[in-house]
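**Q** Would you mind keeping the following structure in view while I ask a few things?
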Number of protein chains: 2
Amino acid sequence: MSTSKLQVIPLGGLGEFGMNMMALRYGDDIIVIDSGMMFPDSELLGVDLVMPDLTYLRDHRSMVRALLLTHGHEDHIGAVPFFLSDINVPVYGTAFTLALVERRLEEYDIPDDTHFHAIKPRQTLEIGPFKIEFIHVTHSIVSAVALAITTPLGVVIHTGDFKVDPTPTDNELFDLHTLAEYGKRGVLLLLSDSTNADRPGYSDSERAVRPKLEDIFQRAQGRLLFSCFSSSIHRIQQFLELCQQFKRKAAIVGRSMTTVSEIAHSLRLLEIPDSILIRPQDFMDTPRSKVAVLISGTQGEPMSALARTAVDNHKHISVERGDTVVLSSRIIPGNEKLIFRMIDHLSRRGADVLYGSTNPPLHVSGHASVEELRLVLNLVRPRFFIPVHGEYRQLAKHAGVAAHLRNLGLEETFVMETGETLEIDSHGARRGERVTVGRVCIDSGSVDEVVGDVVIRDRRHLSEDGIVLPIIAINKHTGRLESVPEVVSRGFSVADDGGTEFLQSARMVVAKTLEGSNHEEMTDWGVMKEKIRADLKRHIAKETSRRPLIMPVILEI
Amino acid sequence: MSTSKLQVIPLGGLGEFGMNMMALRYGDDIIVIDSGMMFPDSELLGVDLVMPDLTYLRDHRSMVRALLLTHGHEDHIGAVPFFLSDINVPVYGTAFTLALVERRLEEYDIPDDTHFHAIKPRQTLEIGPFKIEFIHVTHSIVSAVALAITTPLGVVIHTGDFKVDPTPTDNELFDLHTLAEYGKRGVLLLLSDSTNADRPGYSDSERAVRPKLEDIFQRAQGRLLFSCFSSSIHRIQQFLELCQQFKRKAAIVGRSMTTVSEIAHSLRLLEIPDSILIRPQDFMDTPRSKVAVLISGTQGEPMSALARTAVDNHKHISVERGDTVVLSSRIIPGNEKLIFRMIDHLSRRGADVLYGSTNPPLHVSGHASVEELRLVLNLVRPRFFIPVHGEYRQLAKHAGVAAHLRNLGLEETFVMETGETLEIDSHGARRGERVTVGRVCIDSGSVDEVVGDVVIRDRRHLSEDGIVLPIIAINKHTGRLESVPEVVSRGFSVADDGGTEFLQSARMVVAKTLEGSNHEEMTDWGVMKEKIRADLKRHIAKETSRRPLIMPVILEI
């Protein structure tokens, strides 16, 4: 028996939503599973995305052997470009996952001297003391895998994100057999997705949205706008099939929608019916009942194609009375206001907007509910269990699910948060020392800018570039400005006069942005904040070569 | 036939969520239906509540004859104190509704020279050219009514808020008969609640929560904490009955919980089983399996009893491993973060927290879903229809529901937003001139302060008292302060030195607030913002007698 110990080191995603990253260390070898980001919440205005602090990995740089990716969602791969620009190790994942990562590398203009290794389910590979087998799982994204990692101390199963979908649209079933085999032989530790641990029952199959979507296509008289997450290849496939069935031509609008569809198509994961596609610029000229568009923007992101269409500010797409808009997606908590404002705008234009919980459903979750979590626990029968991927309440619920199962042989469940560690040796498992973790904010320029110069910004260094707060009072009903814009700054002085001149020029920039906005934009603070932030950032970078945090404050009156 | 016209003037609640207020004018007589508030969203940091602009009513003060209240929810009565302090007219409502209003008047210390008239369902009264009958409806609050208003031009039905509950816990059924009679005789205009117009099917009965709650009481081993909206007398009744059934003593904690229960009890709307109540201070000394507490704070409000308990900062109540916490309530959009943080804190203490969508349900909506809306439209058979109470998307959905009904005899539906008006005369109905509307922010001092000096603050006068922004950087993981607090101000200078001294003292106040907070509070920005705001407001009022807007900015790093 080995005298070394296995350390389980969550660097993100435990006790928080998003930015999943987990390190496993045995002796002097470390492998890392996923490197995700999270979207900043409203408390973090002024940054684009948030990723885990890499200090622990940087401090053990020479030990890091590989980055293993379970699937291509942003909360699992979004930080890979930043990870690789710092810690350059081989990356393993399915072809689709790697293609999504490469797209991000290109966007951030990061030189591609990385060794990417496409793996397939059932394939195994050895990295130092770890032997890794990839196991196909069903999830809302295609080509998702779990990992079975054999270590000198026993087998660690990491589920990645999953649900147990008995009828996936691509007919690739969850490989429960392989999971069961490991369970039969004995599993030391299970790490399992807790995202939906607070939902009873089973999650619906991806195929469950078909009846409702068919009904919508059946009834729609005018143009049909269909929005889903751009990575939902299952959903996009169904949309294209329905277009064919109901004889509508399809346009694809939105950058991520277009590129992800192309990637999936090139890997034969998405079938595009012959000659069904039209160019976005031909959408409005095609007869209304003969056309549909796949459009990005389910979360009401102010600069997304759908949000722009909602305020009649998209160059190719408009909406008019009698059109149908479908949001085949969930409302990510925190985005309610943006989404509902967008829906209100679309409704005012006369569109029938379909959204939210319906029966049959417009959207299904990609994560396992309680009964599926039970199934996996029963198949794997681990000695130790760590619920992963979720806020504390979800991890606690998942632990409760395990506690109520009989004859599982489970010795102990560890509810752990990012930064807490577990040590396993031949004597058992126990909590180890805390490691350095945290959140790093990424300020990559506005969506409109070419993203060439990524700035990884640590909020602790706030004092370096300072903070600028433009303050605008807008009348909600009229959309009129109720006072001259104010600009307040802190830790950001640029001239001998205390910055008076700079503040004056900043106010003029804000005033100009406001003048150039139409009435609907003016009543939509999401759009206004983004526009003001982008314009002011450009101005300040040009004038001072600095990048303060810019946090527009809009007072609605 | 009359030569005068009837004007329908929505002053709040159409195309926006909350602050419902509707005026009806015929000739020189105006009656007002409801005067509600809305809670400020995160864009309006620094104010306590928001109410409709009263300019229109003020400009026609001599014509206003009465304020009619449909029920006692804050979005229908919350602005009554401010309304009456400006426009003193007789108020009509059920005894329970008026008792809730009087409680608010006392809180705001507004002299009670108002004529309050308690009405009962089926009662009629005449006010100028209007003859009004009150019709009992079922809703999540008891003693709710709809209004049938006979005018010289015909009958206007205003539903107030409602659902059609076939088994209300107080056995007081929706008076569909009276509604049907009006429908048979002919109704000119229907104004009907649209809150749930985007939900298919029927809303569940209030009684539908009983099985789940019974199951929870059955299983609970430790202490049981039960939270619901304080106005949910139906829910509180069921809680008390379950305490009796399962032999638990009950404590009631939280100011609004206590006073509303007392009001309902005194009006015989709430039955309290004999000797079941204990004092909050005796809760922790009663055997764990023999006690339950009704506690306020379903929305995670930072200063609420439940939120304080979650961070172990309540003087009478604590939570430990094995306790059960029930949130029998919905998550009001915008409150997700506060609520989920509270649940996470409670989970960390080892409580089993029950929340969200379950089957059978923990909570049911008080508003009518599509089938119930159809029922009311079919019974009333109005000539004209205005969907009320909802964001634009809900009003539009409600209009769509009406459009799909056959043989209704509906001449026209008007989807209108606050400020738009409708004019009806003997020739028909048409849109009229816009009137002045808007939102007024109320800054009534912090929840801890005695609220004696209500300040009605108009954001347009921002420049008068200025704005103060305390900026704090807290490390989310450690709860540690990452820099000295900054205080930025604008339009708020108090001294010759440009306010340097003032800013210095303000920074010290913030620093002191931070020092006096425990670790869990420090990682909870909701609590911290509220504390900083309260302390700084007190300091500034004392030093300068001014009341700037205070908007704490917390940077989580």
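The chains in the structure tokens are called A, B, ... from first to last as shown; in each chain the residues are counted from 1, and the ligands are counted from 1 in the order shown.
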Can you pull out every residue from range 308-480 of chain A that DSSP, working from the backbone, puts in strand (DSSP E or B), and format the result as number ranges by chain?

**A** A: 324-327, 352-354, 382-388, 390, 412-413, 422-425, 428-431, 439-443, 455-457, 467-474

**Q** Quick one: everything within 7 Å of range 26-38 of chain A, counting only C-alpha atoms, minus sequence neighbours fewer than 4 positions away in the same chain. Send it as a PDB file with N, CA, C and O atoms, in the first residue's frame.

**A**
ATOM      1  N   SER A   4       2.111   7.459   0.209  1.00  0.00           N
ATOM      2  CA  SER A   4       1.805   8.823  -0.176  1.00  0.00           C
ATOM      3  C   SER A   4       0.326   9.113   0.058  1.00  0.00           C
ATOM      4  O   SER A   4      -0.465   8.206   0.313  1.00  0.00           O
ATOM      5  N   LYS A   5      -0.003  10.383  -0.045  1.00  0.00           N
ATOM      6  CA  LYS A   5      -1.405  10.746   0.142  1.00  0.00           C
ATOM      7  C   LYS A   5      -1.963  11.411  -1.110  1.00  0.00           C
ATOM      8  O   LYS A   5      -1.223  11.971  -1.922  1.00  0.00           O
ATOM      9  N   LEU A   6      -3.293  11.321  -1.219  1.00  0.00           N
ATOM     10  CA  LEU A   6      -4.011  11.952  -2.320  1.00  0.00           C
ATOM     11  C   LEU A   6      -4.673  13.202  -1.769  1.00  0.00           C
ATOM     12  O   LEU A   6      -5.361  13.138  -0.757  1.00  0.00           O
ATOM     13  N   GLN A   7      -4.440  14.331  -2.444  1.00  0.00           N
ATOM     14  CA  GLN A   7      -5.090  15.565  -1.992  1.00  0.00           C
ATOM     15  C   GLN A   7      -6.126  16.023  -3.009  1.00  0.00           C
ATOM     16  O   GLN A   7      -5.856  16.030  -4.218  1.00  0.00           O
ATOM     17  N   GLY A  18     -20.513  28.458 -10.536  1.00  0.00           N
ATOM     18  CA  GLY A  18     -19.653  28.757 -11.681  1.00  0.00           C
ATOM     19  C   GLY A  18     -18.189  28.569 -11.357  1.00  0.00           C
ATOM     20  O   GLY A  18     -17.816  28.072 -10.294  1.00  0.00           O
ATOM     21  N   MET A  19     -17.329  28.973 -12.292  1.00  0.00           N
ATOM     22  CA  MET A  19     -15.858  28.864 -12.225  1.00  0.00           C
ATOM     23  C   MET A  19     -15.366  27.576 -11.577  1.00  0.00           C
ATOM     24  O   MET A  19     -14.578  27.600 -10.634  1.00  0.00           O
ATOM     25  N   ASN A  20     -15.809  26.434 -12.158  1.00  0.00           N
ATOM     26  CA  ASN A  20     -15.428  25.145 -11.607  1.00  0.00           C
ATOM     27  C   ASN A  20     -13.987  24.803 -11.936  1.00  0.00           C
ATOM     28  O   ASN A  20     -13.563  24.891 -13.094  1.00  0.00           O
ATOM     29  N   MET A  21     -13.237  24.410 -10.926  1.00  0.00           N
ATOM     30  CA  MET A  21     -11.857  23.978 -11.122  1.00  0.00           C
ATOM     31  C   MET A  21     -11.445  23.136  -9.912  1.00  0.00           C
ATOM     32  O   MET A  21     -11.638  23.540  -8.772  1.00  0.00           O
ATOM     33  N   MET A  22     -10.878  21.982 -10.186  1.00  0.00           N
ATOM     34  CA  MET A  22     -10.535  21.041  -9.119  1.00  0.00           C
ATOM     35  C   MET A  22      -9.156  20.465  -9.405  1.00  0.00           C
ATOM     36  O   MET A  22      -8.893  20.023 -10.527  1.00  0.00           O
ATOM     37  N   LEU A  49     -15.598  39.173 -16.715  1.00  0.00           N
ATOM     38  CA  LEU A  49     -15.795  37.844 -16.177  1.00  0.00           C
ATOM     39  C   LEU A  49     -14.860  37.612 -15.014  1.00  0.00           C
ATOM     40  O   LEU A  49     -13.945  38.391 -14.749  1.00  0.00           O
ATOM     41  N   VAL A  50     -15.145  36.544 -14.314  1.00  0.00           N
ATOM     42  CA  VAL A  50     -14.452  36.256 -13.068  1.00  0.00           C
ATOM     43  C   VAL A  50     -13.923  34.832 -13.153  1.00  0.00           C
ATOM     44  O   VAL A  50     -14.609  33.950 -13.665  1.00  0.00           O
ATOM     45  N   MET A  51     -12.700  34.618 -12.714  1.00  0.00           N
ATOM     46  CA  MET A  51     -12.130  33.267 -12.770  1.00  0.00           C
ATOM     47  C   MET A  51     -11.414  32.961 -11.458  1.00  0.00           C
ATOM     48  O   MET A  51     -11.146  33.858 -10.660  1.00  0.00           O
ATOM     49  N   MET A  63       4.734  20.900 -10.846  1.00  0.00           N
ATOM     50  CA  MET A  63       4.056  19.624 -10.601  1.00  0.00           C
ATOM     51  C   MET A  63       2.835  19.424 -11.502  1.00  0.00           C
ATOM     52  O   MET A  63       2.324  18.312 -11.604  1.00  0.00           O
ATOM     53  N   VAL A  64       2.350  20.523 -12.095  1.00  0.00           N
ATOM     54  CA  VAL A  64       1.099  20.425 -12.853  1.00  0.00           C
ATOM     55  C   VAL A  64       1.349  19.692 -14.166  1.00  0.00           C
ATOM     56  O   VAL A  64       2.185  20.110 -14.968  1.00  0.00           O
ATOM     57  N   ARG A  65       0.653  18.572 -14.359  1.00  0.00           N
ATOM     58  CA  ARG A  65       0.915  17.712 -15.518  1.00  0.00           C
ATOM     59  C   ARG A  65      -0.074  17.899 -16.662  1.00  0.00           C
ATOM     60  O   ARG A  65       0.271  17.683 -17.822  1.00  0.00           O
ATOM     61  N   ALA A  66      -1.322  18.239 -16.329  1.00  0.00           N
ATOM     62  CA  ALA A  66      -2.331  18.289 -17.396  1.00  0.00           C
ATOM     63  C   ALA A  66      -3.585  19.003 -16.929  1.00  0.00           C
ATOM     64  O   ALA A  66      -3.845  19.112 -15.735  1.00  0.00           O
ATOM     65  N   LEU A  67      -4.332  19.507 -17.915  1.00  0.00           N
ATOM     66  CA  LEU A  67      -5.664  20.054 -17.673  1.00  0.00           C
ATOM     67  C   LEU A  67      -6.667  19.153 -18.391  1.00  0.00           C
ATOM     68  O   LEU A  67      -6.556  18.943 -19.604  1.00  0.00           O
ATOM     69  N   LEU A  68      -7.610  18.602 -17.635  1.00  0.00           N
ATOM     70  CA  LEU A  68      -8.630  17.709 -18.198  1.00  0.00           C
ATOM     71  C   LEU A  68      -9.961  18.444 -18.238  1.00  0.00           C
ATOM     72  O   LEU A  68     -10.372  19.021 -17.225  1.00  0.00           O
ATOM     73  N   LEU A  69     -10.621  18.420 -19.377  1.00  0.00           N
ATOM     74  CA  LEU A  69     -11.889  19.157 -19.492  1.00  0.00           C
ATOM     75  C   LEU A  69     -13.058  18.185 -19.634  1.00  0.00           C
ATOM     76  O   LEU A  69     -13.019  17.271 -20.453  1.00  0.00           O
ATOM     77  N   THR A  70     -14.100  18.404 -18.824  1.00  0.00           N
ATOM     78  CA  THR A  70     -15.250  17.481 -18.871  1.00  0.00           C
ATOM     79  C   THR A  70     -16.229  17.849 -19.987  1.00  0.00           C
ATOM     80  O   THR A  70     -16.835  16.973 -20.592  1.00  0.00           O
ATOM     81  N   GLU A  74     -19.079  27.379 -20.404  1.00  0.00           N
ATOM     82  CA  GLU A  74     -18.178  28.440 -19.948  1.00  0.00           C
ATOM     83  C   GLU A  74     -17.755  28.280 -18.493  1.00  0.00           C
ATOM     84  O   GLU A  74     -16.649  28.682 -18.120  1.00  0.00           O
ATOM     85  N   ASP A  75     -18.636  27.715 -17.661  1.00  0.00           N
ATOM     86  CA  ASP A  75     -18.262  27.560 -16.253  1.00  0.00           C
ATOM     87  C   ASP A  75     -17.298  26.388 -16.051  1.00  0.00           C
ATOM     88  O   ASP A  75     -16.910  26.083 -14.933  1.00  0.00           O
ATOM     89  N   HIS A  76     -16.897  25.754 -17.170  1.00  0.00           N
ATOM     90  CA  HIS A  76     -15.894  24.685 -17.099  1.00  0.00           C
ATOM     91  C   HIS A  76     -14.671  24.952 -17.978  1.00  0.00           C
ATOM     92  O   HIS A  76     -13.603  24.437 -17.703  1.00  0.00           O
ATOM     93  N   ILE A  77     -14.852  25.763 -19.026  1.00  0.00           N
ATOM     94  CA  ILE A  77     -13.703  26.054 -19.903  1.00  0.00           C
ATOM     95  C   ILE A  77     -13.399  27.539 -20.051  1.00  0.00           C
ATOM     96  O   ILE A  77     -12.388  27.911 -20.652  1.00  0.00           O
ATOM     97  N   GLY A  78     -14.249  28.396 -19.506  1.00  0.00           N
ATOM     98  CA  GLY A  78     -14.136  29.835 -19.778  1.00  0.00           C
ATOM     99  C   GLY A  78     -12.809  30.452 -19.370  1.00  0.00           C
ATOM    100  O   GLY A  78     -12.384  31.469 -19.912  1.00  0.00           O
ATOM    101  N   ALA A  79     -12.130  29.863 -18.380  1.00  0.00           N
ATOM    102  CA  ALA A  79     -10.872  30.451 -17.910  1.00  0.00           C
ATOM    103  C   ALA A  79      -9.664  29.785 -18.547  1.00  0.00           C
ATOM    104  O   ALA A  79      -8.528  30.165 -18.249  1.00  0.00           O
ATOM    105  N   VAL A  80      -9.870  28.828 -19.446  1.00  0.00           N
ATOM    106  CA  VAL A  80      -8.737  28.096 -20.024  1.00  0.00           C
ATOM    107  C   VAL A  80      -7.721  29.022 -20.701  1.00  0.00           C
ATOM    108  O   VAL A  80      -6.509  28.870 -20.496  1.00  0.00           O
ATOM    109  N   GLY A 128       1.469  10.541 -15.079  1.00  0.00           N
ATOM    110  CA  GLY A 128       2.121  10.303 -13.790  1.00  0.00           C
ATOM    111  C   GLY A 128       1.456   9.117 -13.103  1.00  0.00           C
ATOM    112  O   GLY A 128       1.248   8.061 -13.719  1.00  0.00           O
TER     113      GLY A 128
END

**Q** Using CA of Ser426 in chain B and CA of Pro129 in chain B as the two end points, give the distance in Å to one decimal.

**A** 15.9 Å

**Q** Write out as a list of chain:residue names which residues come within 7 Å of Val319 in chain B when counting only C-alpha atoms, dropping same-chain ones fewer than 4 positions away.

**A** B:Thr309, B:Asp323, B:Arg349, B:Ala351

**Q** With 10 Å as the cut-off and only C-alpha atoms counted, what is the closest atom pair between each nearby residue of range 302-389 of chain A and range 197-200 of chain B? Distances in Å to one decimal, ordered by chain and number, as a Markdown table.

**A**
| residue | atom | partner | partner_atom | distance |
| --- | --- | --- | --- | --- |
| A:Val353 | CA | B:Asp198 | CA | 9.9 |
| A:Leu354 | CA | B:Asp198 | CA | 8.8 |
| A:Tyr355 | CA | B:Asp198 | CA | 8.6 |
| A:Gly356 | CA | B:Asp198 | CA | 8.4 |
| A:Ser357 | CA | B:Arg199 | CA | 7.8 |
| A:Thr358 | CA | B:Pro200 | CA | 7.0 |
| A:Asn359 | CA | B:Pro200 | CA | 7.8 |

**Q** Could those selected residues go to a file with N, CA, C and O atoms, as a short mmCIF file (atom, residue, chain, number, x, y, z; two decimals), in the first residue's frame?

**A**
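Produced file selection_25.cif, reproduced below:
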data_model
loop_
_atom_site.label_atom_id
_atom_site.label_comp_id
_atom_site.auth_asym_id
_atom_site.auth_seq_id
_atom_site.Cartn_x
_atom_site.Cartn_y
_atom_site.Cartn_z
N VAL A 353 -44.51 36.56 -27.12
CA VAL A 353 -43.25 36.04 -26.58
C VAL A 353 -43.55 34.85 -25.69
O VAL A 353 -44.36 34.94 -24.75
N LEU A 354 -42.91 33.71 -25.97
CA LEU A 354 -43.10 32.51 -25.18
C LEU A 354 -41.87 32.29 -24.33
O LEU A 354 -40.75 32.24 -24.85
N TYR A 355 -42.06 32.15 -23.03
CA TYR A 355 -40.93 32.09 -22.10
C TYR A 355 -41.38 31.42 -20.82
O TYR A 355 -42.57 31.23 -20.59
N GLY A 356 -40.42 31.08 -19.98
CA GLY A 356 -40.73 30.61 -18.63
C GLY A 356 -41.22 29.19 -18.58
O GLY A 356 -41.03 28.40 -19.50
N SER A 357 -41.85 28.85 -17.46
CA SER A 357 -42.32 27.49 -17.22
C SER A 357 -43.63 27.24 -17.94
O SER A 357 -44.60 27.92 -17.69
N THR A 358 -43.62 26.29 -18.84
CA THR A 358 -44.84 25.93 -19.52
C THR A 358 -44.98 24.42 -19.42
O THR A 358 -44.06 23.72 -19.02
N ASN A 359 -46.13 23.93 -19.77
CA ASN A 359 -46.37 22.50 -19.74
C ASN A 359 -47.06 22.11 -21.03
O ASN A 359 -48.19 22.53 -21.24
#

**Q** I'd like the contact shell of Glu126 in chain A - 10 Å cut-off, only C-alpha atoms, skipping same-chain residues fewer than 6 positions apart - returned as a PDB file with all heavy atoms, in the first residue's frame.

**A**
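And here's part_13.pdb as it stands now:
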ATOM      1  N   ILE A 132      -6.468   7.607 -16.329  1.00  0.00           N
ATOM      2  CA  ILE A 132      -7.752   8.288 -16.493  1.00  0.00           C
ATOM      3  C   ILE A 132      -8.569   7.654 -17.603  1.00  0.00           C
ATOM      4  O   ILE A 132      -8.089   7.460 -18.717  1.00  0.00           O
ATOM      5  CB  ILE A 132      -7.501   9.785 -16.818  1.00  0.00           C
ATOM      6  CG1 ILE A 132      -6.797  10.447 -15.627  1.00  0.00           C
ATOM      7  CG2 ILE A 132      -8.810  10.501 -17.113  1.00  0.00           C
ATOM      8  CD1 ILE A 132      -5.719  11.415 -16.020  1.00  0.00           C
ATOM      9  N   GLU A 133      -9.805   7.330 -17.291  1.00  0.00           N
ATOM     10  CA  GLU A 133     -10.729   6.860 -18.328  1.00  0.00           C
ATOM     11  C   GLU A 133     -11.852   7.886 -18.485  1.00  0.00           C
ATOM     12  O   GLU A 133     -12.389   8.401 -17.498  1.00  0.00           O
ATOM     13  CB  GLU A 133     -11.328   5.496 -17.958  1.00  0.00           C
ATOM     14  CG  GLU A 133     -12.345   5.017 -19.004  1.00  0.00           C
ATOM     15  CD  GLU A 133     -12.798   3.574 -18.850  1.00  0.00           C
ATOM     16  OE1 GLU A 133     -12.396   2.921 -17.867  1.00  0.00           O
ATOM     17  OE2 GLU A 133     -13.581   3.117 -19.708  1.00  0.00           O
ATOM     18  N   ILE A 149     -10.634   8.204 -12.429  1.00  0.00           N
ATOM     19  CA  ILE A 149      -9.196   8.435 -12.251  1.00  0.00           C
ATOM     20  C   ILE A 149      -8.653   7.410 -11.262  1.00  0.00           C
ATOM     21  O   ILE A 149      -8.953   7.477 -10.065  1.00  0.00           O
ATOM     22  CB  ILE A 149      -8.944   9.866 -11.739  1.00  0.00           C
ATOM     23  CG1 ILE A 149      -9.556  10.888 -12.720  1.00  0.00           C
ATOM     24  CG2 ILE A 149      -7.449  10.115 -11.556  1.00  0.00           C
ATOM     25  CD1 ILE A 149      -9.719  12.276 -12.144  1.00  0.00           C
ATOM     26  N   THR A 150      -7.899   6.469 -11.768  1.00  0.00           N
ATOM     27  CA  THR A 150      -7.341   5.455 -10.884  1.00  0.00           C
ATOM     28  C   THR A 150      -6.027   5.973 -10.309  1.00  0.00           C
ATOM     29  O   THR A 150      -5.136   6.388 -11.052  1.00  0.00           O
ATOM     30  CB  THR A 150      -7.101   4.148 -11.663  1.00  0.00           C
ATOM     31  OG1 THR A 150      -8.342   3.765 -12.273  1.00  0.00           O
ATOM     32  CG2 THR A 150      -6.643   3.032 -10.736  1.00  0.00           C
TER      33      THR A 150
END

**Q** Just the helix (DSSP H, G or I) stuff from range 195-409 of chain B, please, per backbone DSSP, written as a PyMOL selection string.

**A** chain B and resi 206-219+233-245+255-266+280-282+288-290+305-310+336-348+370-380+392-403

**Q** When you look at range 373-380 of chain A with a cut-off of 7 Å (counting only C-alpha atoms), what residues show up, excluding the ones that are within fewer than 4 positions of it in the same chain? I need them as a ChimeraX atom specification.

**A** /A:179-180,182-183,187,368-369,401,408

**Q** Would you compute the distance between CA of Val440 in chain B and CA of Ala307 in chain B? Give it in Å to one decimal.

**A**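 Straight-line distance from CA of Val440 in chain B to CA of Ala307 in chain B works out to 28.2 Å.
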
**Q** What does the structure give for the distance between CA of His265 in chain A and CA of Glu214 in chain A, in Å to one decimal?

**A**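 Computing the Euclidean distance for CA of His265 in chain A and CA of Glu214 in chain A yields 23.0 Å.
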
**Q** List the spatial neighbours of Ser328 in chain B as a list in words - criterion: any atom at most 8 Å away, only C-alpha atoms, same-chain residues fewer than 5 positions off excluded.

**A**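 Answer for this query is Phe226, Ser227, Cys228, Thr298, Tyr355, Leu362 and His363 of chain B.
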
**Q** Would you output that residue set with N, CA and C atoms, as a PDB file, in the first residue's frame?

**A**
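That gives us out-v3.pdb:
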ATOM      1  N   PHE B 226     -40.621  28.507  10.732  1.00  0.00           N
ATOM      2  CA  PHE B 226     -41.550  28.605   9.610  1.00  0.00           C
ATOM      3  C   PHE B 226     -41.690  30.061   9.209  1.00  0.00           C
ATOM      4  N   SER B 227     -41.409  30.357   7.948  1.00  0.00           N
ATOM      5  CA  SER B 227     -41.512  31.736   7.490  1.00  0.00           C
ATOM      6  C   SER B 227     -42.478  31.857   6.317  1.00  0.00           C
ATOM      7  N   CYS B 228     -43.319  32.867   6.376  1.00  0.00           N
ATOM      8  CA  CYS B 228     -44.204  33.163   5.247  1.00  0.00           C
ATOM      9  C   CYS B 228     -44.407  34.677   5.227  1.00  0.00           C
ATOM     10  N   THR B 298     -38.935  36.069   4.720  1.00  0.00           N
ATOM     11  CA  THR B 298     -38.878  35.161   3.564  1.00  0.00           C
ATOM     12  C   THR B 298     -38.017  35.685   2.429  1.00  0.00           C
ATOM     13  N   TYR B 355     -37.381  25.005   0.548  1.00  0.00           N
ATOM     14  CA  TYR B 355     -37.681  26.234  -0.187  1.00  0.00           C
ATOM     15  C   TYR B 355     -37.965  25.884  -1.629  1.00  0.00           C
ATOM     16  N   LEU B 362     -44.972  23.970  -1.356  1.00  0.00           N
ATOM     17  CA  LEU B 362     -44.729  24.678  -0.103  1.00  0.00           C
ATOM     18  C   LEU B 362     -45.409  26.032  -0.108  1.00  0.00           C
ATOM     19  N   HIS B 363     -45.731  26.482  -1.305  1.00  0.00           N
ATOM     20  CA  HIS B 363     -46.308  27.811  -1.457  1.00  0.00           C
ATOM     21  C   HIS B 363     -47.189  27.805  -2.696  1.00  0.00           C
TER      22      HIS B 363
END

**Q** With only C-alpha atoms as the basis for distance, which of A:Ser192, A:Asn313, A:Thr114, A:Thr167 is at the shortest distance from Ala146 in chain A?

**A**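 Selected residue with least distance to Ala146 in chain A: A:Ser192.
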